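A short worksheet on the structure shown next.
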Amino acid sequence: MATLLCVWELGGNLGHLSNLRLPVEIALQQGHRVVMALKELQHVKLVFGDLPIQCIQAPHRTAGIPLEPAGIPSFTHLLIRQCFSSVDELSGYLRTWGDIYDSVKPDLVLFEHSPTALIAAHHRRFKKILIGNGFTAPPIQSDASEPFLPFPTTLRSQQVWEGLRQDDGEVCKLINAALTRLALPEIPNVHAIYAQADTSFLMTWPVLEHFGPRPNARYLGVESPRPQPAPPWPKGSGPLVFGYLQPFLSIELLLRGLMAQNARAVLFVRHLPEAVRHSYANTRLVFVDAPVDLQIVAQQADWVINHGNHSTAAHFVVSGVPQLLIPQHQEQLFLVQNLVAQGVATMAFQDQTSFTAPLRALEMDPGYRLRARQLAQQCGPYDTQAVSDAIHREFDLLLKGAM
């Protein structure tokens, strides 16, 4: 029997836990012990049920530095803003991750969006797997002299590149100062944080990659959502529209736009103020308090609205459904820009003064649905058995000699 440790440090939705579910089930089937160090523990029961796993609280920054309006230019800047900003802070996280590794004594660790846990693991000899989508399990660059994972929106110029290299060097110095304080080996560069991984479980498709498709990578795809109640579509005529959203600055303008478009909409909006809901709920706009069946939505909706969350947007890409996407942060923006460039979605901003144009484009232009169906043919279908077999083989290969 080997010991597997699953860690999750950054992000805040069920997708991170859901990515770990199948590998955990397979590890348990193989007779391994499974321990999980997680950012959030409240949804473990929902995702993993009564599986015999041990869960502990993962160390993580409770409040990242607010992002600048223009966003940040690279993964290095994400680390310094979302994970740590000083030697004192980072050394505390590294010490705690080290205590977890010493206590659990894993043979293999799965890292779901866990940069600080990876830094703490750099000198450790256990096997390492990155798991997640194209952003949370980012590509490993072959040339460490290049800036560390510049974002797709970052200007490609010599001046910008040189600035990013300098920033990489400063962050590497900070990381190594924290490692030295703990009497741990230094890392050669920030690229080494992810380059140490033995392999990646890419829970996505090439057309959804935030940094572009990876040559020779093995994509496991995006698991279909679990069955839920059917959407309660309003009666009458007009396009069927589903919205899976969070409140944002101009959401009332979006609701007015749907009404003006004569749409029949089912909207799942987490944490929507009751006053807003009361003002707009009518026979054509139906608000629901829990998720609905996205498989049925994909079969029936004319288009859908969401923020570009990977798992949600991916499901509708695989299903060939056009989307109106309203990104709330950079990771979502990168995916949204990708889908807009492929002609399967239109984009809006959180502070728009009108949503008439993107809504009308989806209703009037049949090309969106045609291109969405064409793109869907480049994905899936998700093959649970094939994915399970691939994970089985990888575990067997990496754990040889550990059992």
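Ordering of the structure tokens sets the chain letters (A, B, ...); residue numbers start at 1 within each chain; ligands are numbered from 1 in the order shown.
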Subject >> Within 10 Å of Ile391 in chain A using only C-alpha atoms, minus same-chain residues under 6 positions, as a PyMOL selection string >> reply: chain A and resi 22-23+26-27+201+220+385+397
**OP:** Output as a PyMOL selection string all residues of range 28-267 of chain A that backbone DSSP marks as strand (DSSP E or B).
**Re:** chain A and resi 33-38+54-57+74+108-112+127-132+150+199-202+219+240-245+264-267
Original post:
A:Leu399, A:Cys172, A:Val318, A:Ala281: which is nearest Ala265 in chain A, counting only C-alpha atoms?
Top reply: A:Ala281
Original post:
Smallest atom-to-atom distance to Ile72 in chain A: which of A:Pro115, A:Pro150, A:Gly343, A:Pro139, using only C-alpha atoms?
Top reply: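 Looking at the shortest contact to Ile72 in chain A, the residue is A:Pro150.
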**OP:** Find, counting only C-alpha atoms, the residue in A:Gln300, A:Gln342, A:Thr116, A:Thr356 that gets nearest to Pro239 in chain A.
**Re:**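 Using only C-alpha atoms, the shortest distance to Pro239 in chain A belongs to A:Gln300.
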Subject >> Top pick for closest residue to Gln350 in chain A, considering A:Gly212, A:Gly367, A:Pro247, A:Pro322 and counting only C-alpha atoms >> reply: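 Checking each candidate against Gln350 in chain A, we get A:Pro247 as the closest.
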Original post:
Separation of CA of Leu294 in chain A and CA of Arg226 in chain A, in Å?
Top reply: 8.3 Å
Original post:
Of the residues A:Ala183, A:Val87, A:Ile129, A:Ala63, which is the one nearest to Cys6 in chain A, using only C-alpha atoms?
Top reply: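 Ranked by minimum distance to Cys6 in chain A, first place goes to A:Ile129.
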Original post:
So, counting only C-alpha atoms, which residue among A:Glu112, A:Ser86, A:Pro73, A:Asp167 is closest to Leu155 in chain A?
Top reply: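 Comparing A:Glu112, A:Ser86, A:Pro73, A:Asp167 against Leu155 in chain A, the winner is A:Pro73.
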Original post:
Within 10 Å of Val241 in chain A, counting only C-alpha atoms, which residues qualify if same-chain residues fewer than 5 places away don't, as a VMD selection string?
Top reply: chain A and resid 233 258 263 to 267 285 297 300 to 305 323
Original post:
What gap, in Å, lies between CA of Val24 in chain A and CA of Thr62 in chain A?
Top reply: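 Interatomic distance here is 26.2 Å.
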